[in-house]
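Asks: Structure provided below as structure tokens; questions to follow.
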Amino acid sequence: MSPATTLLPAVAGTIAISAFGILAGLLFLGIDRKFAAHMQARIGPPIRQPFIDTMKLLRKESVVPDNAIPWLFNFAPILALASSITILLYLPIGSLMPVLGAYGDLVLIMYLLTVPALAMVAGGFASGSPYATVGAQREMVTMMAYEFPLAIAIIAIAWRLSMAGIAYPFSLATIATNPFWGVMGPLGIIGGIILLLILAWVTPAELSRVPFDSQEAETELAGGLLVEYSGRNLALFYLAQGVRTIAMAAIAVAVFLPWNISTFVAMSPALALAVDFLFFLAKVLLVVFVSVSLIRVSMARFKITQIVSVYWIWFGGLGILGLLLIVLDATFGVW
Amino acid sequence: MNITKSFNRSLWAFHFNSGSCNGCEIEIVATLTPRYDPERFGIKLVGSPKHADLLLVTGPVVKKMRPRLLRVYEQIPDPKVVMCVGACGISGGPFYDSYNLDGPIDDVIPVDVYVPGCPPRPEGIIFGVVRALQKLERLQGELP
Ligand code: SF4
């Protein structure tokens, strides 16, 4: 293949995915706010509220504090948004295979997931405010805490697929086309459910939402990492937040809920694409509802020390139990 | 650039206490409860002045708070609205002849809307926000 034939679809796909990521991200932030409001017996903002907020932020003045490092301070929000979109490029959306699927797998995605968080840390340190510095340190601690259970969940699934004799177990195209629930016996399914729960609890930390938002804590850190950001830069971080929400939900969907309607019901290719896309959005909605809205409304914020022990001791232990069940399932076969 | 259109449905408030008795704070928090739910109009309380559009000031501005109030006012990115909540900020209220006042608020920073009451009811505060938006719209119309 000539470079043009490989480059063109990739560029077009990137533009399409960026537009989809930003629009759907804001939409899901709005849906999440509506859910939370209804759970608190409120009417809540309209679903397009995040769009209005972004428009307003883009029109406001963008202040760079005197003791900030200007280039890093302005670069961090762009990096956060760009890296969040990059994650989406490696994830399948409905029955559409990932745009860059041939160039990266699940392990790369795990590394990419840390980049937006690191961008926020860099922005926090660059703003030269003590609140932002404390927030940045907390973000790093949170990142180290949730990485461990997340790695267990993802490695366990890929390992089980490889034990079932499937080639390229880390590739997302493989994971999405071979739902791992199908290769497992009852023990493995229990293990899979445990790992699914862990992923649902890692998601709010990854997205820095309540109860794992100690790095942004409005009440004690006055906005933490983002304390010095205003106007356009804050809007970019807000967009990145939306895209990350979609990306995290898409990972959960790709690994744990990969089914497509078109594999069960026969239809024309164009119709199948549309139906699968809508079904994908429904699955993302389910993930966002459970692991963002429901958890955030029902819990208060953890202290930073509690976050570490929750993830390392409780979810780490649970993850190893899940892994053990899957290993047993693979060794003794289907009962 | 039409500033009021985006402000109309999305106004982020930062609350500053310049030495109030805490009565007005309680009413501001009451305004944010599900009973009144100002989030349905896009109004929410933020933790940093850098994120805010609306500065809610309570209290009569004691001497120590004057430089802090000025600093917070300057940190809010333009365009911004200032709302003075409570009788204290308007005239000194029950503390009018106190020895340590440097206020009232409009001696320190320009105020757009006054909400009287000691403390004002949540309905009053919401009405004040509506008036602030109307004032912005009027200023918008008068601009060339
Ligand atoms: S106006 Fe009344 S309630 Fe409000 S701070 Fe002043 S004294 Fe307290």
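For the structure tokens, the naming scheme is as follows: chains receive sequential letters (A, B, ...) according to their order of presentation, residues are indexed from 1 within each chain, and ligands are indexed from 1 in presentation order.
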Considering only C-alpha atoms, extract the chain A residues located within 12 Å of chain B and return them as a PyMOL selection string.
Replies: chain A and resi 30+33-34+36-66+129+131-132+216-235+238
Asks: Do you have, as JSON lines, the list of residues of chain B lying at most 8 Å from ligand 1, each with its nearest atom pair and that distance in Å to one decimal, counting only C-alpha atoms and all ligand atoms and ordered by chain then number?
Replies:
{"residue": "B:Gly19", "atom": "CA", "partner": "ligand 1", "partner_atom_place_in_ligand_line": "5 (S)", "distance": 7.5}
{"residue": "B:Ser20", "atom": "CA", "partner": "ligand 1", "partner_atom_place_in_ligand_line": "5 (S)", "distance": 3.8}
{"residue": "B:Cys21", "atom": "CA", "partner": "ligand 1", "partner_atom_place_in_ligand_line": "8 (Fe)", "distance": 4.0}
{"residue": "B:Asn22", "atom": "CA", "partner": "ligand 1", "partner_atom_place_in_ligand_line": "5 (S)", "distance": 5.5}
{"residue": "B:Gly23", "atom": "CA", "partner": "ligand 1", "partner_atom_place_in_ligand_line": "3 (S)", "distance": 3.8}
{"residue": "B:Cys24", "atom": "CA", "partner": "ligand 1", "partner_atom_place_in_ligand_line": "4 (Fe)", "distance": 4.1}
{"residue": "B:Glu25", "atom": "CA", "partner": "ligand 1", "partner_atom_place_in_ligand_line": "5 (S)", "distance": 7.4}
{"residue": "B:Thr58", "atom": "CA", "partner": "ligand 1", "partner_atom_place_in_ligand_line": "5 (S)", "distance": 5.8}
{"residue": "B:Gly59", "atom": "CA", "partner": "ligand 1", "partner_atom_place_in_ligand_line": "5 (S)", "distance": 4.7}
{"residue": "B:Pro60", "atom": "CA", "partner": "ligand 1", "partner_atom_place_in_ligand_line": "6 (Fe)", "distance": 7.0}
{"residue": "B:Val85", "atom": "CA", "partner": "ligand 1", "partner_atom_place_in_ligand_line": "1 (S)", "distance": 7.1}
{"residue": "B:Gly86", "atom": "CA", "partner": "ligand 1", "partner_atom_place_in_ligand_line": "1 (S)", "distance": 3.7}
{"residue": "B:Ala87", "atom": "CA", "partner": "ligand 1", "partner_atom_place_in_ligand_line": "1 (S)", "distance": 4.1}
{"residue": "B:Cys88", "atom": "CA", "partner": "ligand 1", "partner_atom_place_in_ligand_line": "6 (Fe)", "distance": 4.1}
{"residue": "B:Gly89", "atom": "CA", "partner": "ligand 1", "partner_atom_place_in_ligand_line": "1 (S)", "distance": 7.0}
{"residue": "B:Gly92", "atom": "CA", "partner": "ligand 1", "partner_atom_place_in_ligand_line": "6 (Fe)", "distance": 7.6}
{"residue": "B:Gly93", "atom": "CA", "partner": "ligand 1", "partner_atom_place_in_ligand_line": "6 (Fe)", "distance": 6.1}
{"residue": "B:Pro94", "atom": "CA", "partner": "ligand 1", "partner_atom_place_in_ligand_line": "7 (S)", "distance": 5.9}
{"residue": "B:Phe95", "atom": "CA", "partner": "ligand 1", "partner_atom_place_in_ligand_line": "7 (S)", "distance": 7.4}
{"residue": "B:Pro116", "atom": "CA", "partner": "ligand 1", "partner_atom_place_in_ligand_line": "1 (S)", "distance": 7.7}
{"residue": "B:Gly117", "atom": "CA", "partner": "ligand 1", "partner_atom_place_in_ligand_line": "1 (S)", "distance": 6.2}
{"residue": "B:Cys118", "atom": "CA", "partner": "ligand 1", "partner_atom_place_in_ligand_line": "2 (Fe)", "distance": 3.6}
{"residue": "B:Pro119", "atom": "CA", "partner": "ligand 1", "partner_atom_place_in_ligand_line": "3 (S)", "distance": 3.8}
{"residue": "B:Pro120", "atom": "CA", "partner": "ligand 1", "partner_atom_place_in_ligand_line": "4 (Fe)", "distance": 7.3}
Asks: Could you please take those selected residues and save N, CA, C and O atoms as a tab-separated table (two decimals), in the first residue's frame?
Replies:
chain	number	residue	atom	x	y	z
B	19	GLY	N	-16.69	39.30	56.35
B	19	GLY	CA	-16.89	39.58	57.77
B	19	GLY	C	-18.34	39.56	58.17
B	19	GLY	O	-18.75	40.30	59.05
B	20	SER	N	-19.11	38.69	57.51
B	20	SER	CA	-20.54	38.65	57.82
B	20	SER	C	-20.77	37.80	59.06
B	20	SER	O	-19.86	37.15	59.56
B	21	CYS	N	-22.04	37.79	59.54
B	21	CYS	CA	-22.35	37.06	60.76
B	21	CYS	C	-22.65	35.61	60.44
B	21	CYS	O	-23.01	34.85	61.33
B	22	ASN	N	-22.56	35.20	59.17
B	22	ASN	CA	-22.82	33.85	58.70
B	22	ASN	C	-24.30	33.61	58.40
B	22	ASN	O	-24.65	32.55	57.88
B	23	GLY	N	-25.16	34.60	58.70
B	23	GLY	CA	-26.58	34.42	58.39
B	23	GLY	C	-26.79	34.38	56.89
B	23	GLY	O	-27.52	33.54	56.36
B	24	CYS	N	-26.10	35.27	56.17
B	24	CYS	CA	-26.28	35.31	54.72
B	24	CYS	C	-25.69	34.07	54.06
B	24	CYS	O	-26.23	33.60	53.06
B	25	GLU	N	-24.61	33.52	54.62
B	25	GLU	CA	-24.01	32.29	54.08
B	25	GLU	C	-25.04	31.17	54.11
B	25	GLU	O	-25.19	30.41	53.16
B	58	THR	N	-20.81	38.98	50.94
B	58	THR	CA	-21.64	39.19	52.12
B	58	THR	C	-20.79	39.89	53.17
B	58	THR	O	-19.56	39.83	53.13
B	59	GLY	N	-21.44	40.55	54.11
B	59	GLY	CA	-20.72	41.18	55.21
B	59	GLY	C	-20.32	42.61	54.92
B	59	GLY	O	-20.35	43.05	53.77
B	60	PRO	N	-19.95	43.35	55.96
B	60	PRO	CA	-19.73	44.79	55.84
B	60	PRO	C	-18.30	45.19	55.48
B	60	PRO	O	-18.00	46.38	55.51
B	85	VAL	N	-24.95	40.72	48.93
B	85	VAL	CA	-26.06	40.02	49.57
B	85	VAL	C	-26.14	40.42	51.04
B	85	VAL	O	-25.18	40.24	51.79
B	86	GLY	N	-27.27	40.98	51.44
B	86	GLY	CA	-27.49	41.30	52.85
B	86	GLY	C	-27.35	42.78	53.16
B	86	GLY	O	-26.67	43.53	52.46
B	87	ALA	N	-28.01	43.19	54.25
B	87	ALA	CA	-28.02	44.59	54.66
B	87	ALA	C	-26.63	45.07	55.03
B	87	ALA	O	-26.28	46.24	54.81
B	88	CYS	N	-25.80	44.19	55.57
B	88	CYS	CA	-24.43	44.55	55.96
B	88	CYS	C	-23.67	45.22	54.83
B	88	CYS	O	-23.06	46.26	55.01
B	89	GLY	N	-23.70	44.58	53.67
B	89	GLY	CA	-22.89	45.07	52.56
B	89	GLY	C	-23.43	46.37	52.00
B	89	GLY	O	-22.70	47.13	51.36
B	92	GLY	N	-23.74	48.58	56.11
B	92	GLY	CA	-23.13	48.21	57.38
B	92	GLY	C	-24.11	47.45	58.25
B	92	GLY	O	-23.71	46.76	59.20
B	93	GLY	N	-25.40	47.56	57.95
B	93	GLY	CA	-26.43	46.81	58.65
B	93	GLY	C	-26.33	46.97	60.15
B	93	GLY	O	-26.11	48.08	60.65
B	94	PRO	N	-26.45	45.91	60.91
B	94	PRO	CA	-26.39	46.01	62.37
B	94	PRO	C	-25.03	46.47	62.87
B	94	PRO	O	-24.90	46.87	64.00
B	95	PHE	N	-24.01	46.44	62.03
B	95	PHE	CA	-22.66	46.84	62.47
B	95	PHE	C	-22.31	48.25	62.00
B	95	PHE	O	-21.14	48.60	61.93
B	116	PRO	N	-31.28	43.35	49.49
B	116	PRO	CA	-31.47	43.73	50.89
B	116	PRO	C	-32.09	42.61	51.70
B	116	PRO	O	-32.64	41.65	51.15
B	117	GLY	N	-32.01	42.73	53.01
B	117	GLY	CA	-32.56	41.73	53.92
B	117	GLY	C	-31.50	41.35	54.92
B	117	GLY	O	-30.31	41.46	54.64
B	118	CYS	N	-31.94	40.88	56.08
B	118	CYS	CA	-30.96	40.54	57.10
B	118	CYS	C	-31.36	39.24	57.77
B	118	CYS	O	-31.92	39.27	58.82
B	119	PRO	N	-31.09	38.11	57.16
B	119	PRO	CA	-30.55	37.89	55.82
B	119	PRO	C	-31.67	37.85	54.78
B	119	PRO	O	-32.82	37.64	55.13
B	120	PRO	N	-31.34	38.05	53.48
B	120	PRO	CA	-32.36	37.94	52.44
B	120	PRO	C	-32.84	36.50	52.28
B	120	PRO	O	-32.08	35.57	52.56
Asks: Show me, as a ChimeraX atom specification, the residues that have an atom within 12 Å of segment 312-328 of chain A when counting only C-alpha atoms, minus same-chain residues fewer than 6 positions from it.
Replies: /A:141-164,180-181,183-202,305-306,334-335
Asks: Which residues in segment 22-68 of chain B does DSSP call strand (DSSP E)? List them as an MDAnalysis selection string.
Replies: chainID B and resid 43:45 54:58
Asks: Restricting the calculation to only C-alpha atoms: of B:Tyr99, B:Phe16, B:Tyr114, B:Phe127, which residue gets closest to Leu55 of chain B?
Replies: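 For Leu55 of chain B, the nearest of the given residues is B:Phe16.
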Asks: List every residue of segment 72-281 of chain A that DSSP, applied to the backbone of this structure, places in helix (DSSP H, G or I), and write the result as number ranges by chain.
Replies: A: 72-89, 101-103, 106-126, 130-163, 172-177, 180-183, 186-206, 218-221, 224-226, 231-256, 261-263, 269-281
Asks: May I ask which of the residues B:Leu101, B:Ile28, B:Val81, B:Leu133 is the closest one to Lys64 of chain B, counting only C-alpha atoms?
Replies: B:Leu101
Asks: Per residue of segment 184-292 of chain A within 7 Å of segment 8-27 of chain A, what are the shortest atom pair and its distance in Å to one decimal, counting only C-alpha atoms, with rows by chain and residue number, as JSON lines?
Replies:
{"residue": "A:Leu239", "atom": "CA", "partner": "A:Ile22", "partner_atom": "CA", "distance": 6.3}
{"residue": "A:Gly242", "atom": "CA", "partner": "A:Gly25", "partner_atom": "CA", "distance": 3.9}
{"residue": "A:Val243", "atom": "CA", "partner": "A:Gly25", "partner_atom": "CA", "distance": 4.8}
{"residue": "A:Thr245", "atom": "CA", "partner": "A:Gly25", "partner_atom": "CA", "distance": 6.5}
{"residue": "A:Ile246", "atom": "CA", "partner": "A:Gly25", "partner_atom": "CA", "distance": 5.8}
Asks: Pick out the residues sitting within 7 Å of Pro122 of chain B, and hand them over as a list of chain:residue names; count only C-alpha atoms, and ignore anything fewer than 4 positions along from it in its own chain.
Replies: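 Final neighbour list, sorted by chain and number: B:Glu27, B:Ile28, B:Ala30, B:Thr31, B:Ile126.
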Asks: Calculate how many Å separate atom CA of Arg296 of chain A from atom CA of Leu29 of chain A, rounding to one decimal.
Replies: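 According to the coordinates, atom CA of Arg296 of chain A and atom CA of Leu29 of chain A are separated by 12.9 Å.
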Asks: So, with only C-alpha atoms as the atoms that count, which of B:Ser18, B:Asp97, B:Val29, B:Met83 lies closest to Leu70 of chain B?
Replies: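 Counting only C-alpha atoms, the residue closest to Leu70 of chain B is B:Ser18.
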